[in-house]
$ cat upload-v8.cif   # mmCIF, C-alpha atoms
data_start
#
loop_
_atom_site.label_atom_id
_atom_site.label_comp_id
_atom_site.auth_asym_id
_atom_site.auth_seq_id
_atom_site.Cartn_x
_atom_site.Cartn_y
_atom_site.Cartn_z
CA MET A 1 -3.21 -7.93 -24.07
CA GLU A 2 -6.44 -8.58 -22.24
CA ALA A 3 -7.79 -5.18 -23.28
CA ALA A 4 -6.73 -5.72 -26.90
CA GLY A 5 -8.42 -9.10 -26.99
CA GLN A 6 -11.55 -7.78 -25.40
CA LEU A 7 -11.68 -4.80 -27.80
CA ALA A 8 -11.36 -7.20 -30.74
CA LYS A 9 -14.28 -9.19 -29.35
CA GLU A 10 -16.28 -5.98 -29.28
CA GLY A 11 -15.51 -5.55 -32.98
CA PHE A 12 -12.80 -2.91 -32.87
CA GLU A 13 -9.65 -2.81 -34.96
CA VAL A 14 -6.76 -2.84 -32.52
CA SER A 15 -3.03 -2.13 -32.72
CA LEU A 16 -0.96 -3.47 -29.87
CA VAL A 17 2.46 -1.88 -29.40
CA GLU A 18 4.98 -3.80 -27.26
CA LYS A 19 8.50 -2.56 -26.57
CA ASP A 20 9.88 -6.08 -25.95
CA LYS A 21 10.51 -8.60 -28.70
CA GLU A 22 7.65 -10.68 -27.36
CA THR A 23 4.35 -9.90 -25.71
CA GLY A 24 3.58 -11.21 -22.23
CA GLY A 25 5.31 -8.66 -20.01
CA HIS A 26 6.58 -9.80 -16.65
CA ILE A 27 4.55 -13.01 -16.68
CA LYS A 28 6.95 -14.52 -19.19
CA ASP A 29 9.81 -14.16 -16.70
CA TRP A 30 7.89 -15.76 -13.86
CA TYR A 31 7.81 -19.46 -13.07
CA LYS A 32 4.70 -20.11 -11.03
CA LEU A 33 2.03 -17.76 -9.78
CA PHE A 34 0.70 -17.15 -6.29
CA PRO A 35 -1.41 -18.19 -4.53
CA ASP A 36 -2.10 -21.55 -6.20
CA ARG A 37 1.34 -21.91 -7.80
CA ARG A 38 -0.02 -22.66 -11.25
CA ASN A 39 2.40 -22.39 -14.09
CA SER A 40 2.61 -18.82 -15.37
CA SER A 41 2.58 -20.11 -18.96
CA GLU A 42 -1.09 -21.04 -18.52
CA VAL A 43 -2.01 -17.38 -18.08
CA ARG A 44 0.36 -16.31 -20.80
CA ASP A 45 -1.11 -18.86 -23.21
CA TYR A 46 -4.57 -17.54 -22.44
CA LEU A 47 -3.42 -13.98 -23.22
CA GLU A 48 -1.58 -15.00 -26.39
CA LYS A 49 -4.69 -16.77 -27.59
CA LYS A 50 -6.72 -13.71 -26.77
CA VAL A 51 -4.58 -11.44 -28.96
CA SER A 52 -4.43 -13.92 -31.85
CA SER A 53 -7.58 -12.34 -33.33
CA LYS A 54 -7.31 -11.14 -36.93
CA SER A 55 -8.41 -7.66 -35.95
CA ILE A 56 -5.36 -7.18 -33.70
CA ARG A 57 -2.18 -5.93 -35.28
CA ILE A 58 0.77 -6.61 -33.00
CA LEU A 59 3.90 -4.49 -33.28
CA THR A 60 6.69 -5.83 -31.09
CA GLY A 61 10.18 -4.54 -30.43
CA THR A 62 9.11 -0.96 -30.88
CA SER A 63 7.78 1.89 -28.80
CA ILE A 64 5.86 5.08 -29.31
CA GLU A 65 8.05 8.05 -30.15
CA LYS A 66 5.48 10.67 -30.97
CA ILE A 67 1.90 11.32 -29.99
CA ILE A 68 -0.19 13.77 -31.99
CA SER A 69 -3.59 14.52 -30.60
CA ASN A 70 -6.06 15.65 -33.25
CA LYS A 71 -9.55 16.76 -32.40
CA GLU A 72 -11.22 13.41 -31.92
CA SER A 73 -8.39 11.06 -32.77
CA PHE A 74 -4.74 10.31 -32.19
CA SER A 75 -1.73 9.75 -34.35
CA LEU A 76 0.95 7.60 -32.76
CA VAL A 77 4.33 7.21 -34.40
CA THR A 78 6.52 4.24 -33.49
CA GLN A 79 10.31 4.03 -33.43
CA ASP A 80 10.48 2.68 -36.97
CA GLY A 81 8.24 5.47 -38.25
CA THR A 82 4.99 3.54 -38.52
CA GLU A 83 2.06 5.85 -37.98
CA LEU A 84 -0.95 4.48 -36.16
CA LYS A 85 -4.25 6.33 -36.32
CA ALA A 86 -6.56 5.71 -33.40
CA ASP A 87 -9.85 7.01 -32.11
CA ALA A 88 -9.00 5.88 -28.61
CA VAL A 89 -5.82 4.87 -26.82
CA ILE A 90 -5.39 2.50 -23.90
CA VAL A 91 -2.15 3.02 -22.00
CA ALA A 92 -0.98 -0.31 -20.60
CA THR A 93 2.69 0.34 -19.99
CA GLY A 94 2.84 -1.73 -16.83
CA PHE A 95 5.56 -1.52 -14.20
CA ASP A 96 9.30 -2.00 -13.82
CA LEU A 97 10.82 -3.84 -10.91
CA PHE A 98 12.66 -1.57 -8.50
CA LYS A 99 16.35 -1.58 -9.33
CA SER A 100 17.72 -3.21 -6.21
CA ALA A 101 21.25 -1.89 -6.62
CA ARG A 102 19.82 1.47 -5.54
CA LYS A 103 19.59 0.06 -2.01
CA GLU A 104 23.37 -0.07 -1.74
CA GLU A 105 23.28 -1.32 1.84
CA TYR A 106 21.97 -4.69 0.61
CA GLY A 107 24.89 -5.13 -1.78
CA TYR A 108 23.06 -6.20 -4.93
CA GLY A 109 25.58 -6.14 -7.76
CA ILE A 110 28.39 -6.12 -5.18
CA TYR A 111 28.00 -9.51 -3.49
CA ASP A 112 27.38 -12.43 -5.84
CA ASN A 113 25.03 -14.20 -3.49
CA VAL A 114 22.63 -11.30 -3.13
CA ILE A 115 19.96 -11.74 -5.81
CA THR A 116 16.50 -10.36 -6.54
CA SER A 117 13.13 -12.07 -6.59
CA ALA A 118 13.27 -11.94 -10.41
CA ASP A 119 16.70 -13.63 -10.44
CA LEU A 120 15.27 -16.37 -8.24
CA GLU A 121 12.36 -16.88 -10.65
CA ALA A 122 14.91 -17.33 -13.44
CA MET A 123 16.57 -20.03 -11.32
CA PHE A 124 13.22 -21.74 -10.76
CA ARG A 125 12.65 -21.75 -14.49
CA LYS A 126 16.00 -23.40 -15.01
CA GLY A 127 15.10 -25.83 -12.23
CA LYS A 128 18.28 -25.15 -10.27
CA ILE A 129 18.86 -22.87 -7.31
CA THR A 130 22.52 -22.21 -6.77
CA MET A 131 24.94 -19.83 -5.21
CA SER A 132 27.55 -18.14 -7.38
CA ASP A 133 29.86 -21.16 -6.97
CA GLY A 134 27.23 -23.51 -8.39
CA MET A 135 26.46 -25.18 -5.05
CA PRO A 136 22.94 -25.31 -3.60
CA PRO A 137 22.41 -22.89 -0.70
CA LYS A 138 21.67 -24.31 2.74
CA THR A 139 20.26 -21.10 4.17
CA VAL A 140 18.22 -18.58 2.21
CA GLY A 141 16.89 -15.23 3.43
CA PHE A 142 14.20 -13.04 1.92
CA VAL A 143 14.19 -9.28 2.49
CA HIS A 144 10.74 -7.73 2.12
CA CYS A 145 10.02 -4.14 1.07
CA VAL A 146 13.09 -3.51 -1.10
CA GLY A 147 12.24 -0.21 -2.74
CA SER A 148 8.72 -0.18 -1.31
CA ARG A 149 7.47 1.67 1.78
CA ASP A 150 10.83 3.34 1.76
CA GLU A 151 11.26 7.07 1.89
CA LYS A 152 14.96 6.67 1.10
CA ALA A 153 14.08 4.98 -2.19
CA GLY A 154 11.51 7.69 -2.89
CA ASN A 155 8.65 5.19 -2.78
CA PHE A 156 6.15 5.69 0.02
CA TYR A 157 3.71 3.12 -1.30
CA CYS A 158 3.41 -0.60 -0.64
CA SER A 159 3.89 -2.73 -3.77
CA LYS A 160 1.53 -5.20 -2.10
CA LEU A 161 2.57 -8.31 -4.05
CA CYS A 162 6.09 -8.79 -2.74
CA CYS A 163 4.91 -10.26 0.58
CA VAL A 164 2.94 -13.05 -1.03
CA THR A 165 5.64 -13.51 -3.67
CA ALA A 166 8.21 -13.99 -0.90
CA VAL A 167 5.97 -16.57 0.76
CA LYS A 168 5.49 -18.37 -2.56
CA GLN A 169 9.20 -18.29 -3.35
CA ALA A 170 10.14 -19.41 0.16
CA ILE A 171 7.94 -22.46 -0.30
CA GLU A 172 9.44 -23.13 -3.72
CA VAL A 173 12.97 -22.93 -2.34
CA ARG A 174 12.03 -25.55 0.24
CA GLU A 175 10.43 -27.69 -2.50
CA HIS A 176 13.58 -27.54 -4.62
CA LEU A 177 15.94 -27.87 -1.66
CA PRO A 178 14.23 -29.85 1.11
CA GLU A 179 17.32 -29.59 3.32
CA SER A 180 17.43 -25.80 3.19
CA LYS A 181 16.44 -23.39 5.93
CA VAL A 182 14.48 -20.37 4.83
CA PHE A 183 14.02 -17.05 6.62
CA SER A 184 11.78 -14.17 5.77
CA PHE A 185 12.46 -10.69 7.15
CA TYR A 186 9.39 -8.50 7.03
CA MET A 187 8.07 -5.21 8.41
CA ASP A 188 4.43 -6.28 8.08
CA MET A 189 3.00 -9.33 6.34
CA ARG A 190 0.43 -7.95 3.94
CA MET A 191 -1.62 -10.88 2.81
CA GLY A 192 -4.53 -8.95 1.34
CA GLY A 193 -5.73 -11.24 -1.40
CA ALA A 194 -7.81 -14.36 -1.83
CA TYR A 195 -5.89 -17.35 -0.43
CA TYR A 196 -2.79 -15.32 0.42
CA GLU A 197 -3.16 -15.78 4.18
CA GLU A 198 -3.69 -19.50 3.62
CA LEU A 199 -0.42 -19.63 1.68
CA TYR A 200 1.33 -17.85 4.58
CA ARG A 201 -0.09 -20.44 6.96
CA GLU A 202 1.03 -23.27 4.69
CA ALA A 203 4.53 -21.74 4.64
CA GLN A 204 4.65 -22.03 8.43
CA GLU A 205 2.77 -25.29 8.83
CA VAL A 206 4.08 -27.42 5.98
CA TRP A 207 7.37 -25.82 4.99
CA GLY A 208 8.71 -24.49 8.29
CA ILE A 209 9.62 -21.06 6.96
CA ASN A 210 10.96 -18.79 9.72
CA PHE A 211 9.35 -15.37 9.76
CA ILE A 212 11.30 -12.68 11.60
CA ARG A 213 9.82 -9.25 12.07
CA GLY A 214 12.34 -6.55 11.36
CA LYS A 215 13.75 -4.48 8.54
CA VAL A 216 17.17 -5.69 7.46
CA SER A 217 19.46 -2.70 7.86
CA GLU A 218 22.44 -3.99 5.93
CA ALA A 219 24.12 -6.97 4.34
CA SER A 220 27.83 -7.63 4.14
CA GLU A 221 30.06 -10.51 3.09
CA SER A 222 32.01 -12.58 5.58
CA ILE A 223 35.48 -14.01 5.02
CA ASN A 224 33.95 -17.38 4.10
CA ASN A 225 31.71 -15.82 1.47
CA LYS A 226 28.53 -15.88 3.51
CA ILE A 227 26.12 -12.99 3.45
CA VAL A 228 25.85 -11.50 6.91
CA ILE A 229 22.69 -9.56 7.62
CA LYS A 230 21.81 -7.26 10.49
CA VAL A 231 18.23 -6.87 11.63
CA GLU A 232 16.39 -6.15 14.82
CA ASP A 233 14.19 -9.06 15.83
CA THR A 234 11.59 -6.55 16.92
CA LEU A 235 9.38 -9.14 18.58
CA ALA A 236 12.25 -10.43 20.68
CA GLY A 237 13.39 -6.85 21.17
CA ARG A 238 17.01 -7.63 20.36
CA PRO A 239 19.34 -7.07 17.43
CA LEU A 240 20.03 -10.20 15.44
CA LYS A 241 22.80 -11.14 13.02
CA MET A 242 22.64 -14.12 10.71
CA GLU A 243 24.87 -15.73 8.12
CA LEU A 244 23.10 -16.77 4.95
CA ASP A 245 24.18 -18.55 1.78
CA LEU A 246 21.77 -16.67 -0.43
CA LEU A 247 19.90 -13.42 0.13
CA VAL A 248 16.85 -12.64 -1.99
CA LEU A 249 15.67 -9.04 -2.29
CA MET A 250 11.93 -8.62 -2.85
CA ALA A 251 12.06 -5.80 -5.39
CA GLY A 252 8.99 -3.59 -5.43
CA MET A 253 7.09 -2.15 -8.36
CA GLU A 254 7.70 1.25 -9.94
CA MET A 255 6.25 3.21 -12.81
CA SER A 256 7.86 1.76 -15.94
CA GLU A 257 10.37 3.70 -18.01
CA GLY A 258 8.04 3.21 -20.96
CA GLY A 259 5.23 4.76 -18.94
CA ASN A 260 7.38 7.73 -18.02
CA LYS A 261 8.18 8.26 -21.67
CA ILE A 262 4.50 8.18 -22.62
CA ALA A 263 3.78 10.64 -19.81
CA GLU A 264 6.42 13.00 -21.18
CA LEU A 265 5.21 12.71 -24.76
CA SER A 266 1.53 13.06 -23.94
CA GLY A 267 1.38 15.25 -20.88
CA LEU A 268 -0.71 12.63 -19.07
CA LYS A 269 -0.69 13.32 -15.36
CA LYS A 270 1.24 11.25 -12.87
CA GLY A 271 0.39 10.83 -9.22
CA GLU A 272 2.61 11.33 -6.19
CA ASN A 273 3.59 7.68 -6.51
CA ARG A 274 4.77 8.48 -10.07
CA PHE A 275 2.31 6.03 -11.62
CA PHE A 276 -0.30 7.45 -14.00
CA ALA A 277 -3.01 9.26 -12.08
CA PRO A 278 -6.50 8.05 -13.01
CA LEU A 279 -9.20 10.69 -13.14
CA ASP A 280 -10.77 9.25 -9.99
CA HIS A 281 -9.38 6.42 -7.90
CA HIS A 282 -12.78 4.99 -7.04
CA ILE A 283 -15.17 5.60 -9.87
CA ALA A 284 -13.06 6.52 -12.90
CA ASN A 285 -10.00 4.40 -12.43
CA ASN A 286 -9.58 3.71 -16.15
CA LEU A 287 -10.04 7.30 -17.28
CA SER A 288 -7.23 9.76 -17.80
CA SER A 289 -7.30 13.52 -17.81
CA MET A 290 -7.29 13.34 -21.61
CA LYS A 291 -10.40 12.56 -23.60
CA GLY A 292 -10.07 9.28 -25.48
CA VAL A 293 -7.12 8.04 -23.44
CA PHE A 294 -7.66 5.20 -20.97
CA TYR A 295 -5.54 3.23 -18.53
CA ALA A 296 -5.28 -0.50 -18.03
CA GLY A 297 -3.30 -2.32 -15.38
CA THR A 298 -0.22 -1.57 -13.36
CA CYS A 299 0.63 1.68 -15.11
CA THR A 300 -1.71 3.22 -12.50
CA ALA A 301 -0.66 1.34 -9.34
CA PRO A 302 0.71 -2.02 -8.20
CA MET A 303 -1.81 -4.76 -9.04
CA ASN A 304 -1.84 -8.53 -9.18
CA ILE A 305 -2.75 -10.45 -12.34
CA THR A 306 -6.41 -10.84 -11.38
CA GLU A 307 -6.75 -7.12 -10.80
CA THR A 308 -4.81 -6.27 -13.94
CA ILE A 309 -7.06 -8.41 -16.11
CA SER A 310 -10.20 -6.99 -14.49
CA HIS A 311 -8.84 -3.47 -14.91
CA ALA A 312 -8.11 -4.14 -18.59
CA ARG A 313 -11.67 -5.38 -19.13
CA SER A 314 -13.15 -2.37 -17.40
CA ALA A 315 -10.96 -0.13 -19.59
CA VAL A 316 -12.60 -1.73 -22.62
CA SER A 317 -16.03 -1.08 -21.19
CA GLU A 318 -15.04 2.59 -20.74
CA VAL A 319 -13.88 2.71 -24.37
CA VAL A 320 -17.23 1.28 -25.49
CA ASN A 321 -19.03 3.89 -23.38
CA TYR A 322 -16.85 6.58 -24.90
CA PHE A 323 -17.79 5.61 -28.44
CA ASN A 324 -21.44 5.34 -27.49
CA ASN A 325 -21.20 8.79 -25.99
CA THR A 326 -22.76 7.47 -22.82
CA ASN A 327 -19.75 8.37 -20.79
CA SER A 328 -20.12 12.05 -20.20
CA MET B 1 2.76 -1.83 62.43
CA ASP B 2 5.32 -4.51 61.81
CA ASN B 3 6.72 -4.60 58.35
CA PHE B 4 6.57 -8.17 57.08
CA GLY B 5 8.13 -7.26 53.77
CA PHE B 6 4.96 -7.67 51.76
CA ALA B 7 3.86 -5.08 49.27
CA ILE B 8 1.30 -4.70 46.54
CA SER B 9 2.97 -5.20 43.17
CA LYS B 10 2.78 -2.36 40.77
CA GLY B 11 0.54 -3.31 37.89
CA ARG B 12 2.13 -4.19 34.56
CA GLN B 13 -0.57 -2.46 32.62
CA ILE B 14 0.18 0.63 30.64
CA ASP B 15 -2.22 2.99 32.42
CA TRP B 16 -3.25 5.29 29.61
CA GLU B 17 -5.05 7.80 31.85
CA ALA B 18 -2.39 7.95 34.53
CA ASN B 19 0.55 8.17 32.14
CA ASN B 20 1.96 11.49 31.19
CA ARG B 21 2.67 11.94 27.51
CA LYS B 22 4.03 15.48 27.57
CA VAL B 23 7.49 14.30 26.50
CA ALA B 24 5.93 12.63 23.46
CA ASP B 25 3.96 15.81 22.73
CA PHE B 26 7.11 17.90 23.03
CA ILE B 27 9.03 15.68 20.61
CA ARG B 28 6.14 15.54 18.14
CA GLU B 29 6.00 19.30 18.19
CA ASN B 30 9.71 19.85 17.75
CA GLU B 31 10.46 16.90 15.48
CA PRO B 32 7.18 16.03 13.74
CA SER B 33 8.69 13.04 11.89
CA PHE B 34 8.57 11.28 15.30
CA LYS B 35 4.98 10.33 14.43
CA LEU B 36 5.94 8.29 11.41
CA CYS B 37 7.58 5.28 13.06
CA ILE B 38 6.22 1.87 12.02
CA ALA B 39 8.44 -0.06 14.43
CA CYS B 40 10.43 -1.89 11.74
CA GLY B 41 13.53 -1.85 13.91
CA GLY B 42 15.92 -0.78 11.15
CA CYS B 43 17.34 1.84 13.50
CA ALA B 44 17.97 -0.72 16.22
CA ALA B 45 19.52 -3.19 13.78
CA THR B 46 22.17 -0.75 12.67
CA CYS B 47 22.74 0.86 16.08
CA THR B 48 26.21 0.38 17.57
CA ALA B 49 25.00 1.26 21.07
CA GLY B 50 22.18 -1.26 20.73
CA ASN B 51 24.56 -4.02 19.68
CA PHE B 52 26.47 -3.72 22.95
CA THR B 53 23.95 -2.43 25.45
CA GLU B 54 20.24 -2.68 25.91
CA PHE B 55 19.18 0.18 23.71
CA SER B 56 16.56 0.14 20.99
CA LEU B 57 15.17 3.34 19.56
CA ARG B 58 12.24 1.36 18.21
CA GLU B 59 11.34 0.35 21.75
CA LEU B 60 11.91 3.81 23.19
CA ASN B 61 9.72 5.36 20.52
CA ILE B 62 6.79 3.20 21.58
CA LEU B 63 7.41 3.69 25.30
CA ILE B 64 7.60 7.47 24.96
CA HIS B 65 4.39 7.51 22.93
CA ARG B 66 2.71 5.50 25.70
CA GLY B 67 4.02 7.80 28.41
CA GLU B 68 6.27 5.11 29.90
CA ASN B 69 9.18 7.43 30.50
CA THR B 70 11.55 5.87 33.03
CA LYS B 71 13.35 3.52 30.65
CA PRO B 72 13.64 6.01 27.78
CA ARG B 73 15.04 8.71 30.06
CA ASP B 74 17.82 6.42 31.27
CA ASP B 75 18.45 4.64 27.97
CA LEU B 76 18.73 7.78 25.86
CA LYS B 77 22.09 8.48 27.48
CA LYS B 78 23.54 5.48 25.69
CA CYS B 79 23.15 6.99 22.22
CA MET B 80 26.38 8.31 20.71
CA MET B 81 24.59 10.46 18.13
CA CYS B 82 26.30 8.78 15.17
CA GLY B 83 23.14 9.06 13.06
CA LYS B 84 23.28 5.68 11.31
CA CYS B 85 19.65 5.14 12.32
CA THR B 86 18.66 8.24 10.38
CA LEU B 87 20.28 6.86 7.25
CA ILE B 88 18.37 3.60 7.49
CA CYS B 89 14.90 4.79 8.51
CA PRO B 90 12.44 3.91 5.71
CA ARG B 91 9.93 6.39 7.04
CA GLY B 92 12.24 9.37 7.00
CA VAL B 93 12.11 9.88 10.75
CA ASN B 94 14.91 12.22 11.78
CA THR B 95 15.85 9.75 14.49
CA ARG B 96 19.01 11.54 15.54
CA ASN B 97 17.08 14.70 16.18
CA VAL B 98 14.34 12.73 17.96
CA ILE B 99 16.95 11.64 20.48
CA PHE B 100 18.36 15.14 20.75
CA VAL B 101 14.91 16.63 21.35
CA ALA B 102 13.92 13.81 23.72
CA ARG B 103 16.96 14.52 25.88
CA LYS B 104 16.00 18.17 25.91
CA ALA B 105 12.46 17.22 26.93
CA TYR B 106 13.59 15.14 29.89
CA GLN B 107 15.83 18.01 30.97
CA LYS B 108 13.08 20.55 30.57
CA PHE B 109 10.34 18.59 32.35
CA GLY B 110 12.54 16.89 34.94
CA ASP B 111 10.37 14.92 37.37
CA TYR B 112 7.26 16.43 35.83
CA ALA B 113 7.80 14.14 32.85
CA PHE B 114 6.52 11.23 34.93
#
$ encode --input "upload-v8.cif" --output "structure tokens"
Amino acid sequence: MEAAGQLAKEGFEVSLVEKDKETGGHIKDWYKLFPDRRNSSEVRDYLEKKVSSKSIRILTGTSIEKIISNKESFSLVTQDGTELKADAVIVATGFDLFKSARKEEYGYGIYDNVITSADLEAMFRKGKITMSDGMPPKTVGFVHCVGSRDEKAGNFYCSKLCCVTAVKQAIEVREHLPESKVFSFYMDMRMGGAYYEELYREAQEVWGINFIRGKVSEASESINNKIVIKVEDTLAGRPLKMELDLLVLMAGMEMSEGGNKIAELSGLKKGENRFFAPLDHHIANNLSSMKGVFYAGTCTAPMNITETISHARSAVSEVVNYFNNTNS
Amino acid sequence: MDNFGFAISKGRQIDWEANNRKVADFIRENEPSFKLCIACGGCAATCTAGNFTEFSLRELNILIHRGENTKPRDDLKKCMMCGKCTLICPRGVNTRNVIFVARKAYQKFGDYAF
């Protein structure tokens, strides 16, 4: 959306293809954003305004089914048969959240009170955090690195936003339920962003979140419907078990299904992490192996919103260079 | 001289130069995934032996890498080779084989491991 808006500003005619019924991607499912906990709708409103330009044609609820590469242009055919002619293409297919049921040992989809970070956001949006029986939880646990940094899930990489999301959500749980006790089970706390570490500190100082260093090995359900987790408290050097009312799995980021489809149709190269592989990670991060095709955002790697927007803008600058033939 | 029962305490420091890391080298050679541990403790959380006795593969991994061999040599006997730790390991360390090879190393090197 950012790239489309920016291209329109530069005077290009743009078609924006979105597989969902509405534009806005994952932001529309989120409640508040880290690190300042502003309402996600503020960013979404900004993006919607940006794509409201007359030179942007938005096609929602459809995806690309066919890509024909002509000499210096492209022909893209959507599901409903619309053919889009383009001189340049920006791939901005984003990410999918890791499907947490794949980590069977955590029991997502088996135990009602094991939910994902996205499910929790949906609860925040409704303004009510409950267990499956409708009661508010007294103890809530967060499991970091679900589907990230995990050879067994096939994902070696760090999704890098789940840590700070867990901290943000832990604070929000305490805001909604001041009586609750919140625990965060982490392998490493990766607070590599502006004001992330400060948020982590606030979580300890103001909200009393308990951080326990250890990878949760499994979750099960007790006879009284509590979620029982097993973890090694690695800093105490002893195994620990805990009964929780609600367990939140911090699902990582993966290459989107839409992105995989585009990769198949186009032959664009993917990296070892299965995201699109930019031509050069440092100096040509928006370029693909195909002339006239550019990347924007999390289709190339996990990124936060700030990075995604910057990446989208730099993609536009590469497109401008491409048309000016200055980008050889 | 009369023995008054006083002695100089052994230092608590890990003495990098004095320590012998040939057991670690042997395991790394024979089970290279041994290098990949990030000390998350998943192995120790799921470990039946560790839930009843003082046994943590996460701890042993670090001690062996540092050349602190006494505790690992004794503790390794507690493992029942069930392999649950291997199923859990997010780094793909073949933990079961690490233990197997470590036991072999202590047998092979005997007192020279220290």
$ residues_around --input "upload-v8.cif" --residues "range 49-55 of chain B" --least-positions-apart "2" --cutoff "10 Å" --atoms "all atoms listed in the file" --output "VMD selection string"
(chain A and resid 232 237 to 241) or (chain B and resid 43 to 47 57 to 60 71 to 72 74 to 82)
$ residues_around --input "upload-v8.cif" --residues "range 44-52 of chain A" --least-positions-apart "5" --cutoff "10 Å" --atoms "only C-alpha atoms" --output "PyMOL selection string"
chain A and resi 1-9+14+16+23-28+39+57-58+309
$ resolve_selection --input "upload-v8.cif" --expression "the PyMOL selection byres ((chain A) within 6 of (chain B))" --output "list of chain:residue names"
A:Asp150, A:Glu151, A:Lys152, A:Met187, A:Gly214, A:Lys215, A:Ser217, A:Lys230, A:Val231, A:Glu232, A:Thr234, A:Pro239
$ atom_distance --input "upload-v8.cif" --atom1 "CA of Ser15 in chain A" --atom2 "CA of Phe276 in chain A"
21.2 Å
$ atom_distance --input "upload-v8.cif" --atom1 "CA of Ser220 in chain A" --atom2 "CA of Phe156 in chain A"
25.8 Å
$ resolve_selection --input "upload-v8.cif" --expression "the PyMOL selection byres ((chain B and resi 66) around 10)" --output "number ranges by chain"
B: 14-16, 19-21, 24, 60-65, 67-69
$ residues_around --input "upload-v8.cif" --residues "Val293 in chain A" --least-positions-apart "3" --cutoff "6 Å" --atoms "only C-alpha atoms" --output "list in words"
Ala88, Val89, Ile90, Ser288 and Met290 of chain A
$ write_last_selection --input "upload-v8.cif" --atoms "C-alpha atoms" --output "PDB file, keeping the file's coordinate frame"
ATOM      1  CA  ALA A  88      -9.000   5.880 -28.610  1.00  0.00           C
ATOM      2  CA  VAL A  89      -5.820   4.870 -26.820  1.00  0.00           C
ATOM      3  CA  ILE A  90      -5.390   2.500 -23.900  1.00  0.00           C
ATOM      4  CA  SER A 288      -7.230   9.760 -17.800  1.00  0.00           C
ATOM      5  CA  MET A 290      -7.290  13.340 -21.610  1.00  0.00           C
TER       6      MET A 290
END
$ closest_residue --input "upload-v8.cif" --among "A:Ser117, A:Ser222, A:Thr306, A:Thr298" --to "Gly193 in chain A" --atoms "only C-alpha atoms"
A:Thr306
$ closest_residue --input "upload-v8.cif" --among "A:Leu161, A:Ala277, A:Val140, A:Val173" --to "Met123 in chain A" --atoms "all atoms listed in the file"
A:Val173
$ resolve_selection --input "upload-v8.cif" --expression "the PyMOL selection byres ((chain B and resi 112) around 12)" --output "list in words"
Asn19, Asn20, Arg21, Lys22, Val23, Gly67, Asn69, Thr70, Ala105, Tyr106, Gln107, Lys108, Phe109, Gly110, Asp111, Ala113 and Phe114 of chain B
$ residues_around --input "upload-v8.cif" --residues "Asp96 in chain A" --least-positions-apart "4" --cutoff "7 Å" --atoms "all atoms listed in the file" --output "list of chain:residue names"
A:Met253, A:Glu254, A:Met255, A:Ser256
$ atom_distance --input "upload-v8.cif" --atom1 "CA of Val167 in chain A" --atom2 "CA of Cys37 in chain B"
25.1 Å
$ residues_near_point --input "upload-v8.cif" --point "(13.1, -17.2, -12.2)" --cutoff "9 Å" --atoms "only C-alpha atoms" --output "VMD selection string"
chain A and resid 29 to 32 117 to 127
$ residues_around --input "upload-v8.cif" --residues "Glu218 in chain A" --least-positions-apart "5" --cutoff "7 Å" --atoms "only C-alpha atoms" --output "PyMOL selection string"
chain A and resi 105-106+229-230
$ write_last_selection --input "upload-v8.cif" --atoms "C-alpha atoms" --output "CSV table (one decimal), keeping the file's coordinate frame"
chain,number,residue,atom,x,y,z
A,105,GLU,CA,23.3,-1.3,1.8
A,106,TYR,CA,22.0,-4.7,0.6
A,229,ILE,CA,22.7,-9.6,7.6
A,230,LYS,CA,21.8,-7.3,10.5
$ closest_residue --input "upload-v8.cif" --among "A:Ala301, A:Leu265, A:Leu244, A:Met189" --to "Gly94 in chain A" --atoms "all atoms listed in the file"
A:Ala301
$ axis_aligned_box --input "upload-v8.cif" --around "range 53-63 of chain B" --padding-each-side "4 Å" --output "lines of an AutoDock Vina configuration file"
center_x = 15.4
center_y = 1.3
center_z = 22.1
size_x = 25.2
size_y = 16.0
size_z = 15.7
